[in-house]
>>> print(open('run.cif').read())   # mmCIF, C-alpha atoms and all ligand atoms
data_work
#
loop_
_atom_site.label_atom_id
_atom_site.label_comp_id
_atom_site.auth_asym_id
_atom_site.auth_seq_id
_atom_site.Cartn_x
_atom_site.Cartn_y
_atom_site.Cartn_z
CA MET A 1 6.90 -20.36 -20.60
CA ALA A 2 5.99 -17.69 -23.14
CA PHE A 3 2.95 -15.46 -23.51
CA LEU A 4 1.89 -13.07 -26.21
CA LEU A 5 -0.42 -10.32 -24.95
CA LYS A 6 -2.27 -9.13 -28.07
CA ASN A 7 -3.89 -5.77 -28.76
CA ALA A 8 -3.62 -4.27 -25.29
CA ARG A 9 -3.59 -0.58 -24.52
CA VAL A 10 -0.12 -0.49 -23.00
CA VAL A 11 0.56 2.35 -20.57
CA ASP A 12 3.99 3.10 -19.17
CA PRO A 13 4.90 6.77 -18.57
CA GLN A 14 8.53 5.79 -17.91
CA VAL A 15 8.98 5.12 -21.62
CA GLU A 16 6.24 7.50 -22.76
CA LEU A 17 4.14 4.62 -23.96
CA ASP A 18 0.36 4.76 -24.29
CA GLU A 19 -0.79 2.88 -27.36
CA VAL A 20 -2.42 -0.33 -28.51
CA CYS A 21 0.25 -2.95 -29.14
CA ASP A 22 1.45 -6.46 -28.26
CA ILE A 23 3.84 -7.66 -25.58
CA LEU A 24 5.84 -10.88 -25.90
CA VAL A 25 6.87 -12.36 -22.56
CA GLU A 26 9.59 -15.00 -22.64
CA ASP A 27 11.73 -16.56 -19.91
CA GLY A 28 10.51 -14.10 -17.29
CA LYS A 29 11.33 -11.04 -19.36
CA ILE A 30 9.67 -8.77 -21.85
CA ALA A 31 11.13 -10.02 -25.13
CA GLN A 32 9.39 -7.62 -27.50
CA VAL A 33 6.89 -4.75 -27.53
CA GLY A 34 5.27 -3.73 -30.79
CA LYS A 35 2.41 -4.04 -33.22
CA GLY A 36 1.47 -7.24 -35.04
CA LEU A 37 3.82 -9.51 -33.12
CA SER A 38 3.64 -13.26 -33.50
CA ALA A 39 5.47 -16.08 -31.76
CA ALA A 40 5.02 -19.74 -32.54
CA ASN A 41 5.67 -21.09 -29.06
CA ALA A 42 3.84 -18.47 -27.04
CA GLU A 43 0.36 -18.78 -25.56
CA GLU A 44 -1.66 -15.96 -27.05
CA ILE A 45 -3.85 -13.87 -24.74
CA ASP A 46 -6.37 -11.57 -26.37
CA CYS A 47 -6.18 -8.24 -24.51
CA THR A 48 -8.51 -6.29 -26.78
CA GLY A 49 -10.13 -3.54 -24.71
CA LYS A 50 -7.77 -4.14 -21.81
CA VAL A 51 -5.04 -1.99 -20.31
CA VAL A 52 -1.60 -3.38 -19.47
CA THR A 53 0.66 -1.59 -17.00
CA PRO A 54 3.92 -2.30 -15.19
CA GLY A 55 2.97 -4.54 -12.25
CA LEU A 56 1.28 -2.63 -9.44
CA VAL A 57 3.04 -2.43 -6.06
CA ASP A 58 1.53 -1.74 -2.64
CA ILE A 59 4.17 -0.63 -0.15
CA HIS A 60 1.96 -0.65 2.95
CA VAL A 61 0.53 -4.09 3.68
CA HIS A 62 0.06 -6.10 6.87
CA LEU A 63 0.52 -9.79 6.05
CA ARG A 64 0.24 -10.64 9.82
CA ASP A 65 2.73 -13.47 9.44
CA PRO A 66 4.51 -14.58 11.63
CA GLY A 67 2.25 -14.86 14.62
CA GLN A 68 -1.20 -13.63 13.69
CA GLU A 69 -2.14 -16.12 11.00
CA GLN A 70 -5.72 -16.11 12.28
CA LYS A 71 -6.02 -12.68 10.59
CA GLU A 72 -3.97 -13.34 7.44
CA ASP A 73 -0.85 -15.22 6.40
CA ILE A 74 1.67 -14.93 3.60
CA ALA A 75 -0.27 -17.37 1.40
CA SER A 76 -3.65 -15.62 1.79
CA GLY A 77 -2.27 -12.08 1.85
CA THR A 78 -0.26 -12.49 -1.34
CA ARG A 79 -3.28 -14.13 -3.02
CA ALA A 80 -5.33 -11.09 -2.06
CA ALA A 81 -2.56 -8.94 -3.59
CA ALA A 82 -2.54 -10.87 -6.87
CA HIS A 83 -6.34 -10.84 -6.96
CA GLY A 84 -6.20 -7.06 -6.59
CA GLY A 85 -3.72 -6.72 -9.47
CA PHE A 86 -0.49 -6.35 -7.50
CA THR A 87 2.81 -7.98 -8.43
CA ALA A 88 4.57 -6.95 -5.23
CA VAL A 89 3.88 -5.74 -1.72
CA ALA A 90 6.02 -4.35 1.07
CA CYS A 91 4.97 -5.88 4.38
CA MET A 92 4.96 -4.12 7.73
CA PRO A 93 6.96 -5.41 10.71
CA ASN A 94 4.28 -5.28 13.44
CA THR A 95 4.01 -9.07 13.49
CA LYS A 96 4.44 -11.40 16.47
CA PRO A 97 7.36 -11.57 16.93
CA THR A 98 8.21 -8.18 15.45
CA ILE A 99 10.31 -8.17 12.28
CA ASP A 100 13.24 -6.56 14.08
CA ASN A 101 16.08 -8.95 13.21
CA ALA A 102 17.48 -10.94 10.30
CA ILE A 103 15.78 -14.21 11.28
CA THR A 104 12.28 -12.80 10.87
CA VAL A 105 13.26 -11.03 7.61
CA GLU A 106 14.51 -14.38 6.31
CA TYR A 107 11.38 -16.17 7.51
CA VAL A 108 9.07 -13.84 5.56
CA GLN A 109 11.22 -14.01 2.44
CA ARG A 110 11.46 -17.83 2.53
CA MET A 111 7.72 -18.26 3.13
CA ALA A 112 6.92 -15.80 0.36
CA GLU A 113 9.13 -17.75 -2.06
CA LYS A 114 7.42 -20.98 -1.03
CA VAL A 115 3.74 -20.03 -0.81
CA GLY A 116 3.51 -16.45 -2.10
CA LYS A 117 1.68 -15.22 -5.20
CA CYS A 118 3.58 -11.93 -5.49
CA ARG A 119 6.95 -10.51 -4.57
CA VAL A 120 7.22 -9.59 -0.89
CA HIS A 121 9.60 -6.84 0.16
CA VAL A 122 10.23 -6.82 3.88
CA VAL A 123 10.18 -3.62 5.93
CA GLY A 124 12.01 -4.02 9.23
CA SER A 125 11.14 -2.25 12.43
CA CYS A 126 13.01 0.81 13.68
CA THR A 127 13.04 -0.32 17.30
CA GLN A 128 12.99 -3.71 18.96
CA GLY A 129 9.45 -4.93 19.54
CA LEU A 130 8.21 -1.52 18.28
CA ALA A 131 8.80 -0.37 21.86
CA GLY A 132 10.66 2.79 20.88
CA GLU A 133 13.51 2.05 23.29
CA THR A 134 16.29 0.09 21.58
CA LEU A 135 17.31 0.15 17.92
CA SER A 136 16.45 -2.94 15.89
CA GLU A 137 19.23 -4.89 14.21
CA MET A 138 18.96 -2.60 11.21
CA GLY A 139 22.28 -3.37 9.54
CA ASP A 140 21.75 -7.11 9.82
CA MET A 141 18.25 -6.77 8.39
CA VAL A 142 19.58 -4.79 5.44
CA ARG A 143 22.15 -7.51 4.77
CA HIS A 144 19.31 -10.01 4.67
CA GLY A 145 17.15 -7.97 2.33
CA ALA A 146 15.06 -5.47 4.34
CA VAL A 147 14.16 -2.55 2.05
CA ALA A 148 13.08 0.10 4.58
CA PHE A 149 12.27 0.69 8.24
CA THR A 150 9.15 1.65 10.17
CA ASP A 151 7.50 1.18 13.56
CA ASP A 152 4.13 1.30 11.77
CA GLY A 153 1.27 0.90 14.18
CA HIS A 154 3.05 3.36 16.43
CA GLY A 155 4.91 6.55 15.90
CA VAL A 156 8.46 6.42 17.28
CA GLN A 157 7.58 8.58 20.29
CA GLY A 158 10.96 10.03 21.25
CA ALA A 159 12.51 12.60 18.91
CA GLY A 160 15.99 11.50 20.03
CA MET A 161 15.22 7.87 19.21
CA MET A 162 13.77 8.82 15.83
CA ARG A 163 16.93 10.79 15.11
CA ARG A 164 19.07 7.72 15.92
CA VAL A 165 16.85 5.56 13.71
CA MET A 166 17.31 8.01 10.85
CA ASP A 167 21.06 8.32 11.37
CA TYR A 168 21.35 4.52 11.30
CA ALA A 169 19.11 4.08 8.26
CA ASN A 170 21.17 6.71 6.47
CA GLN A 171 24.33 4.61 6.81
CA PHE A 172 22.60 1.90 4.79
CA GLY A 173 20.97 4.30 2.36
CA LYS A 174 17.49 3.17 3.43
CA VAL A 175 14.27 5.13 3.77
CA VAL A 176 12.51 5.53 7.12
CA MET A 177 8.73 5.26 6.90
CA SER A 178 6.83 7.11 9.56
CA HIS A 179 3.43 6.30 11.07
CA CYS A 180 2.78 9.73 12.54
CA GLN A 181 0.93 9.53 15.84
CA ASP A 182 1.79 11.39 19.02
CA GLU A 183 0.47 8.82 21.47
CA ASP A 184 0.35 11.20 24.42
CA LEU A 185 -1.90 13.59 22.50
CA VAL A 186 -4.00 10.96 20.74
CA GLY A 187 -4.52 8.84 23.85
CA ASP A 188 -7.44 6.46 23.39
CA GLY A 189 -8.99 8.43 20.51
CA VAL A 190 -10.88 6.29 18.03
CA VAL A 191 -12.46 8.73 15.54
CA ASN A 192 -11.53 12.16 14.19
CA GLU A 193 -11.75 14.76 16.96
CA GLY A 194 -14.38 17.39 16.28
CA VAL A 195 -17.84 16.99 14.84
CA CYS A 196 -17.44 13.23 14.45
CA SER A 197 -16.29 12.48 17.99
CA THR A 198 -18.98 14.79 19.40
CA ARG A 199 -21.76 13.35 17.25
CA LEU A 200 -20.86 9.74 18.10
CA GLY A 201 -19.87 10.33 21.71
CA MET A 202 -16.49 8.70 21.11
CA LEU A 203 -12.99 9.79 22.14
CA GLY A 204 -11.35 12.03 19.54
CA TRP A 205 -8.09 11.39 17.59
CA PRO A 206 -7.09 14.96 16.68
CA ALA A 207 -5.49 15.92 13.36
CA GLU A 208 -2.73 17.58 15.37
CA GLY A 209 -1.74 14.18 16.79
CA GLU A 210 -0.62 13.30 13.26
CA GLU A 211 0.64 16.71 12.15
CA LEU A 212 2.99 17.12 15.15
CA GLN A 213 4.97 14.06 14.12
CA ILE A 214 4.88 14.92 10.42
CA ALA A 215 6.44 18.29 11.30
CA ARG A 216 8.92 16.68 13.70
CA ASP A 217 10.02 14.02 11.25
CA ILE A 218 10.45 16.54 8.45
CA ALA A 219 12.70 18.50 10.83
CA LEU A 220 14.66 15.31 11.55
CA CYS A 221 14.92 14.62 7.83
CA ARG A 222 16.47 18.09 7.47
CA LEU A 223 18.83 17.33 10.37
CA THR A 224 19.94 13.87 9.23
CA GLY A 225 19.50 13.96 5.47
CA THR A 226 17.79 10.56 5.62
CA PRO A 227 14.97 9.86 3.13
CA LEU A 228 11.64 10.08 4.97
CA HIS A 229 8.35 8.56 3.83
CA ILE A 230 5.17 9.76 5.57
CA GLN A 231 2.72 6.88 5.83
CA HIS A 232 -1.06 7.11 5.34
CA ILE A 233 -1.32 10.90 5.41
CA THR A 234 -4.82 12.16 6.20
CA THR A 235 -4.94 15.86 7.01
CA ALA A 236 -4.91 19.06 4.96
CA ARG A 237 -2.17 20.63 7.09
CA GLY A 238 -0.14 17.41 6.92
CA VAL A 239 -0.25 17.54 3.13
CA ASP A 240 0.88 21.18 3.27
CA LEU A 241 3.84 20.24 5.49
CA VAL A 242 4.95 17.65 2.93
CA ARG A 243 4.43 20.12 0.07
CA GLN A 244 6.67 22.67 1.83
CA ALA A 245 9.32 20.04 2.60
CA LYS A 246 9.45 19.05 -1.06
CA ALA A 247 9.68 22.67 -2.14
CA GLU A 248 12.66 22.98 0.21
CA GLY A 249 14.29 20.05 -1.57
CA LEU A 250 14.15 17.60 1.32
CA PRO A 251 14.01 13.86 0.49
CA VAL A 252 10.43 13.49 1.74
CA THR A 253 7.75 11.30 0.13
CA ALA A 254 4.21 10.44 1.23
CA GLU A 255 1.42 7.94 0.67
CA ALA A 256 -2.37 7.97 0.93
CA THR A 257 -4.90 5.14 1.22
CA PRO A 258 -8.11 4.60 -0.78
CA HIS A 259 -10.16 4.83 2.42
CA HIS A 260 -8.82 8.29 3.20
CA LEU A 261 -9.25 9.30 -0.44
CA PHE A 262 -12.78 8.01 -0.91
CA LEU A 263 -14.39 8.12 2.55
CA ASN A 264 -14.70 10.79 5.20
CA GLU A 265 -15.79 10.85 8.86
CA ASP A 266 -19.46 11.21 7.85
CA ALA A 267 -19.39 7.56 6.74
CA ILE A 268 -19.39 6.53 10.41
CA ASP A 269 -23.05 6.75 11.39
CA ASP A 270 -25.23 5.40 14.19
CA THR A 271 -24.64 1.85 12.98
CA TYR A 272 -21.10 2.26 14.36
CA ASN A 273 -19.62 0.12 11.56
CA THR A 274 -16.32 -1.01 13.06
CA TYR A 275 -14.88 -1.69 9.59
CA LEU A 276 -14.62 2.11 9.31
CA LYS A 277 -12.46 2.30 12.44
CA VAL A 278 -9.00 2.95 11.02
CA ASN A 279 -5.77 4.51 12.21
CA PRO A 280 -5.35 7.38 11.45
CA PRO A 281 -9.12 7.89 11.45
CA LEU A 282 -11.32 8.98 8.56
CA ARG A 283 -11.10 12.78 8.59
CA THR A 284 -13.26 15.68 7.41
CA GLU A 285 -14.40 16.26 3.84
CA GLU A 286 -11.98 19.22 3.70
CA ASP A 287 -9.11 16.92 4.64
CA ARG A 288 -10.22 14.30 2.13
CA LEU A 289 -10.23 16.88 -0.65
CA ALA A 290 -6.79 18.13 0.39
CA VAL A 291 -5.36 14.60 0.34
CA THR A 292 -6.89 14.07 -3.11
CA ALA A 293 -5.39 17.35 -4.31
CA GLY A 294 -2.04 16.20 -2.91
CA VAL A 295 -2.23 12.98 -4.89
CA LEU A 296 -3.10 14.85 -8.06
CA ASP A 297 -0.39 17.52 -7.78
CA GLY A 298 2.39 15.05 -6.89
CA THR A 299 2.79 16.06 -3.23
CA ILE A 300 1.67 12.55 -2.35
CA ASP A 301 3.77 10.03 -4.26
CA CYS A 302 1.83 6.82 -4.04
CA ILE A 303 -1.44 5.11 -3.22
CA VAL A 304 -1.13 2.26 -0.73
CA THR A 305 -3.80 0.24 1.03
CA ASP A 306 -2.58 -0.18 4.63
CA HIS A 307 -4.29 -3.59 4.15
CA ALA A 308 -5.07 -4.44 7.78
CA PRO A 309 -6.88 -7.77 8.07
CA HIS A 310 -8.61 -8.70 11.33
CA THR A 311 -10.70 -11.61 12.57
CA ASP A 312 -14.47 -11.33 13.01
CA TRP A 313 -14.18 -11.31 16.77
CA GLU A 314 -11.88 -8.28 16.70
CA LYS A 315 -14.43 -6.31 14.68
CA ASP A 316 -17.80 -7.72 15.81
CA CYS A 317 -17.76 -5.77 19.05
CA GLU A 318 -18.24 -2.26 20.41
CA PHE A 319 -16.66 0.45 18.28
CA ALA A 320 -14.44 1.70 21.14
CA ILE A 321 -12.76 -1.68 21.64
CA ALA A 322 -12.68 -2.91 18.02
CA ALA A 323 -9.29 -3.25 16.32
CA PHE A 324 -8.15 -0.43 14.02
CA GLY A 325 -7.82 -1.03 10.28
CA MET A 326 -9.52 -2.23 7.12
CA THR A 327 -8.43 -4.48 4.28
CA GLY A 328 -7.65 -2.96 0.90
CA LEU A 329 -5.64 -5.12 -1.49
CA GLU A 330 -8.66 -6.41 -3.40
CA THR A 331 -10.50 -3.09 -3.74
CA SER A 332 -7.75 -0.52 -4.23
CA LEU A 333 -7.39 -0.72 -8.01
CA GLY A 334 -11.15 -0.87 -8.59
CA LEU A 335 -11.71 2.16 -6.39
CA VAL A 336 -8.97 4.20 -8.06
CA LEU A 337 -10.24 3.26 -11.52
CA THR A 338 -13.87 4.02 -10.61
CA GLN A 339 -13.38 7.19 -8.59
CA LEU A 340 -10.39 8.83 -10.29
CA VAL A 341 -9.65 7.38 -13.73
CA ARG A 342 -13.18 6.88 -15.11
CA THR A 343 -14.20 10.28 -13.82
CA GLY A 344 -11.34 11.86 -15.76
CA VAL A 345 -9.67 13.27 -12.64
CA MET A 346 -6.57 11.19 -13.33
CA ASP A 347 -5.23 9.47 -16.44
CA TYR A 348 -3.75 5.99 -16.65
CA ALA A 349 -0.21 7.33 -16.82
CA GLN A 350 -0.65 9.09 -13.48
CA MET A 351 -2.23 6.00 -11.96
CA VAL A 352 0.78 3.95 -13.07
CA GLN A 353 3.07 6.56 -11.57
CA LEU A 354 1.23 6.38 -8.23
CA MET A 355 0.72 2.62 -8.06
CA ALA A 356 3.72 1.14 -9.87
CA VAL A 357 6.57 3.56 -10.55
CA ASN A 358 6.84 5.68 -7.40
CA PRO A 359 6.30 2.83 -4.92
CA ARG A 360 9.30 0.96 -6.38
CA SER A 361 11.38 4.09 -6.32
CA ILE A 362 10.54 4.81 -2.65
CA ILE A 363 11.63 1.36 -1.47
CA GLN A 364 14.54 1.42 -3.93
CA VAL A 365 13.81 -1.75 -5.85
CA ASP A 366 14.49 -2.13 -9.57
CA PRO A 367 12.01 -0.38 -11.83
CA VAL A 368 9.79 -2.42 -14.13
CA THR A 369 9.34 -0.85 -17.55
CA ILE A 370 7.40 -2.10 -20.53
CA GLN A 371 10.29 -2.44 -22.92
CA GLU A 372 12.51 -5.20 -24.21
CA GLY A 373 14.69 -6.73 -21.51
CA SER A 374 12.69 -5.63 -18.47
CA VAL A 375 11.48 -8.20 -15.97
CA ALA A 376 7.92 -9.19 -16.90
CA ASP A 377 5.92 -7.99 -13.88
CA LEU A 378 2.67 -6.93 -15.53
CA THR A 379 -0.91 -6.11 -14.58
CA VAL A 380 -3.70 -6.61 -17.12
CA ILE A 381 -6.81 -4.54 -16.36
CA ASP A 382 -10.33 -4.83 -17.74
CA PRO A 383 -11.48 -1.22 -17.37
CA GLU A 384 -15.12 -1.92 -18.28
CA VAL A 385 -16.11 -4.82 -16.06
CA GLU A 386 -18.63 -3.86 -13.39
CA TRP A 387 -18.50 -5.73 -10.08
CA THR A 388 -19.78 -5.50 -6.54
CA VAL A 389 -17.41 -5.72 -3.58
CA SER A 390 -18.36 -8.87 -1.70
CA VAL A 391 -16.63 -10.84 1.06
CA ASP A 392 -17.38 -14.03 -0.87
CA ASP A 393 -15.02 -12.79 -3.57
CA PHE A 394 -12.05 -12.07 -1.26
CA CYS A 395 -8.88 -14.16 -1.18
CA SER A 396 -7.98 -12.45 2.09
CA LYS A 397 -8.90 -14.35 5.24
CA ALA A 398 -10.48 -11.15 6.54
CA LYS A 399 -13.78 -9.45 5.73
CA ASN A 400 -13.16 -6.01 7.22
CA SER A 401 -13.44 -3.85 4.11
CA GLY A 402 -15.17 -0.52 4.40
CA PHE A 403 -16.36 -0.84 0.80
CA ILE A 404 -18.51 -4.00 0.97
CA GLY A 405 -21.51 -3.57 -1.31
CA ALA A 406 -19.88 -0.85 -3.43
CA THR A 407 -20.26 -1.19 -7.19
CA LEU A 408 -16.96 -0.62 -8.97
CA THR A 409 -15.96 -0.54 -12.61
CA GLY A 410 -12.64 -2.03 -13.63
CA ARG A 411 -10.37 -4.62 -12.08
CA ALA A 412 -7.33 -6.75 -12.83
CA THR A 413 -7.95 -9.90 -14.84
CA ASP A 414 -4.39 -11.18 -15.29
CA VAL A 415 -1.15 -10.67 -13.41
CA PHE A 416 2.36 -11.83 -14.30
CA VAL A 417 5.25 -11.91 -11.84
CA GLY A 418 8.58 -12.53 -13.51
CA GLY A 419 6.70 -13.81 -16.54
CA VAL A 420 4.75 -16.35 -14.48
CA PRO A 421 0.98 -15.90 -14.31
CA THR A 422 -0.39 -15.52 -10.77
CA LEU A 423 -3.88 -14.42 -11.91
CA ARG A 424 -5.64 -15.59 -15.07
CA ASN A 425 -9.13 -14.40 -16.03
CA GLY A 426 -9.64 -13.13 -12.48
CA ALA A 427 -8.69 -16.42 -10.79
CA ILE A 428 -5.54 -17.19 -8.82
CA VAL A 429 -3.22 -19.60 -10.63
CA GLU A 430 -2.33 -22.37 -8.16
ZN ZN B 1 0.20 2.87 10.31
#
>>> encode(input="run.cif", output="structure tokens", more="lines below")
Ligand SMILES: [Zn+2]
Amino acid sequence: MAFLLKNARVVDPQVELDEVCDILVEDGKIAQVGKGLSAANAEEIDCTGKVVTPGLVDIHVHLRDPGQEQKEDIASGTRAAAHGGFTAVACMPNTKPTIDNAITVEYVQRMAEKVGKCRVHVVGSCTQGLAGETLSEMGDMVRHGAVAFTDDGHGVQGAGMMRRVMDYANQFGKVVMSHCQDEDLVGDGVVNEGVCSTRLGMLGWPAEGEELQIARDIALCRLTGTPLHIQHITTARGVDLVRQAKAEGLPVTAEATPHHLFLNEDAIDDTYNTYLKVNPPLRTEEDRLAVTAGVLDGTIDCIVTDHAPHTDWEKDCEFAIAAFGMTGLETSLGLVLTQLVRTGVMDYAQMVQLMAVNPRSIIQVDPVTIQEGSVADLTVIDPEVEWTVSVDDFCSKAKNSGFIGATLTGRATDVFVGGVPTLRNGAIVE
């Protein structure tokens, strides 16, 4: 199988490339990059007006498989990823059963090979059953391909346990990803504590509930030397803590989600839209601006979705008892293009850094570069197409996007994983 992508604007900051040229893809690899290429046996794809980047990667995704296939499964979740322009995801271990041993790591990898439409990197849990009490079989999971560890969905509550997790991960050279939430302080909070919780009459989830564990885990990173990745950061002080840790030279990275970048607590009004109930919650406008500034100045290393699919019955209920989380795989690129790239706040090179280069580096998988010999994981973007976010358009099983009805400009039209098309002209290749 060979493809010749003609006349694309090719953007890859890793090789200082940003120009209109052609890419020849052959046998899963990039065979040639240059102007005026031709190849007799290759299918030619006209990419005039389009942008081609190294394949996008989302390192915070809930595929819900095994055990919660009513929300999403590996087939539907990876289709949503391909539809959103991604060539790889890293999936979170809060499945049923938890991904806390080699068997479940193997299960996800085998299923992804069989039914998946993108690469799936498995993140194992830190503790068995995410209970925070006993270490998971971390070494065994690494041997079977786990790329990182997290108890996402919970913070690891005990500092001593988190230290052991980090000491263990360090032996295998793996990063620990931290969902920062002090459960004793946060309690049953459902929205940002302050104006929002008062206005809505709901229990508050204070910024400090997140910041306490960011500060603690940075201290533990200093103590253990283990790479630490702060998940879905949402507060101004949290971003400052990461900025200081980086200035100190600690191996700390961080991620932010489109919903925390493009929505704030004011979006939750008296309609009590449960799709806007997320964990951590939407914060203040000041926090949102600080997170955006962190993304732009490199304090925050990557944009991830925290794609969190749920069934209708978990969201069509009172706000207080609705499940936390929104989907994101199919809207992330469009939102970033519309809100940051088109507005001139960010250029394509920085977007590629945040959505393709840094995510791979954090989970320590091989880089993809647009040069001869690299594996052909590529995302083709039409930056001009205008579209409206609609549940009818989703490949995900779930509808719980906080951006339904939004008009966006720009989306992926074609995606190649190892030289094999998974998306052509906006449709999944079956
Ligand atoms: Zn989380």
>>> closest_residue(input="run.cif", among="A:Lys29, A:Arg164, A:His144, A:His179", to="ligand ZN 1 (chain B)", atoms="only C-alpha atoms and all ligand atoms")
A:His179
>>> closest_residue(input="run.cif", among="A:Phe416, A:Phe172, A:Phe324, A:Tyr272", to="ligand ZN 1 (chain B)", atoms="all atoms listed in the file")
A:Phe324
>>> atom_distance(input="run.cif", atom1="CA of His62 in chain A", atom2="CA of Pro93 in chain A")
7.9 Å
>>> residues_near_ligand(input="run.cif", ligand="ligand ZN 1 (chain B)", cutoff="7 Å", atoms="all atoms listed in the file", output="MDAnalysis selection string")
chainID A and resid 152:154 179 231:232 279
>>> residues_around(input="run.cif", residues="Thr226 in chain A", least_positions_apart="3", cutoff="8 Å", atoms="all atoms listed in the file", output="tab-separated table (two decimals) with C-alpha atoms, in the coordinates of the input")
chain	number	residue	atom	x	y	z
A	166	MET	CA	17.31	8.01	10.85
A	167	ASP	CA	21.06	8.32	11.37
A	169	ALA	CA	19.11	4.08	8.26
A	170	ASN	CA	21.17	6.71	6.47
A	173	GLY	CA	20.97	4.30	2.36
A	174	LYS	CA	17.49	3.17	3.43
A	175	VAL	CA	14.27	5.13	3.77
A	176	VAL	CA	12.51	5.53	7.12
A	221	CYS	CA	14.92	14.62	7.83
A	222	ARG	CA	16.47	18.09	7.47
A	251	PRO	CA	14.01	13.86	0.49
>>> atom_distance(input="run.cif", atom1="CA of Ile218 in chain A", atom2="CA of Ile233 in chain A")
13.4 Å
>>> atom_distance(input="run.cif", atom1="CA of Thr311 in chain A", atom2="CA of Gln70 in chain A")
6.7 Å
>>> residues_around(input="run.cif", residues="Thr134 in chain A", least_positions_apart="4", cutoff="12 Å", atoms="all atoms listed in the file", output="VMD selection string")
chain A and resid 100 125 to 130 138 151 156 158 160 to 162 164 to 165
>>> closest_residue(input="run.cif", among="A:Ala131, A:Ile23, A:Leu212, A:Leu4", to="Asn41 in chain A", atoms="all atoms listed in the file")
A:Leu4
>>> closest_residue(input="run.cif", among="A:Ser38, A:Thr53, A:Ser332, A:Asn192", to="Leu276 in chain A", atoms="only C-alpha atoms")
A:Asn192
>>> residues_around(input="run.cif", residues="range 340-345 of chain A", least_positions_apart="2", cutoff="10 Å", atoms="only C-alpha atoms", output="PyMOL selection string")
chain A and resi 261-262+292+296+334-338+347-351+383-384+409-410
>>> closest_residue(input="run.cif", among="A:Glu193, A:Gly294, A:Arg199, A:Ile362", to="Thr253 in chain A", atoms="all atoms listed in the file")
A:Ile362
>>> closest_residue(input="run.cif", among="A:Ile370, A:Val304, A:Ile363, A:Ala81", to="Glu16 in chain A", atoms="only C-alpha atoms")
A:Ile370
>>> residues_around(input="run.cif", residues="Ala322 in chain A", least_positions_apart="4", cutoff="10 Å", atoms="all atoms listed in the file", output="ChimeraX atom specification")
/A:190,273-275,277-278,310,312-318
>>> residues_around(input="run.cif", residues="Pro206 in chain A", least_positions_apart="5", cutoff="12 Å", atoms="only C-alpha atoms", output="JSON list (two decimals) with C-alpha atoms, keeping the file's coordinate frame")
[["chain", "number", "residue", "atom", "x", "y", "z"],
["A", 180, "CYS", "CA", 2.78, 9.73, 12.54],
["A", 181, "GLN", "CA", 0.93, 9.53, 15.84],
["A", 182, "ASP", "CA", 1.79, 11.39, 19.02],
["A", 183, "GLU", "CA", 0.47, 8.82, 21.47],
["A", 184, "ASP", "CA", 0.35, 11.20, 24.42],
["A", 185, "LEU", "CA", -1.90, 13.59, 22.50],
["A", 186, "VAL", "CA", -4.00, 10.96, 20.74],
["A", 187, "GLY", "CA", -4.52, 8.84, 23.85],
["A", 188, "ASP", "CA", -7.44, 6.46, 23.39],
["A", 189, "GLY", "CA", -8.99, 8.43, 20.51],
["A", 190, "VAL", "CA", -10.88, 6.29, 18.03],
["A", 191, "VAL", "CA", -12.46, 8.73, 15.54],
["A", 192, "ASN", "CA", -11.53, 12.16, 14.19],
["A", 193, "GLU", "CA", -11.75, 14.76, 16.96],
["A", 194, "GLY", "CA", -14.38, 17.39, 16.28],
["A", 195, "VAL", "CA", -17.84, 16.99, 14.84],
["A", 196, "CYS", "CA", -17.44, 13.23, 14.45],
["A", 197, "SER", "CA", -16.29, 12.48, 17.99],
["A", 211, "GLU", "CA", 0.64, 16.71, 12.15],
["A", 212, "LEU", "CA", 2.99, 17.12, 15.15],
["A", 234, "THR", "CA", -4.82, 12.16, 6.20],
["A", 235, "THR", "CA", -4.94, 15.86, 7.01],
["A", 279, "ASN", "CA", -5.77, 4.51, 12.21],
["A", 280, "PRO", "CA", -5.35, 7.38, 11.45],
["A", 281, "PRO", "CA", -9.12, 7.89, 11.45],
["A", 282, "LEU", "CA", -11.32, 8.98, 8.56],
["A", 283, "ARG", "CA", -11.10, 12.78, 8.59],
["A", 284, "THR", "CA", -13.26, 15.68, 7.41]]
>>> residues_near_point(input="run.cif", point="(8.1, -15.7, -14.8)", cutoff="12 Å", atoms="only C-alpha atoms", output="list in words")
Met1, Ala2, Phe3, Val25, Glu26, Asp27, Gly28, Lys29, Ile30, Thr87, Lys117, Cys118, Arg119, Ser374, Val375, Ala376, Asp377, Leu378, Val415, Phe416, Val417, Gly418, Gly419, Val420, Pro421 and Thr422 of chain A
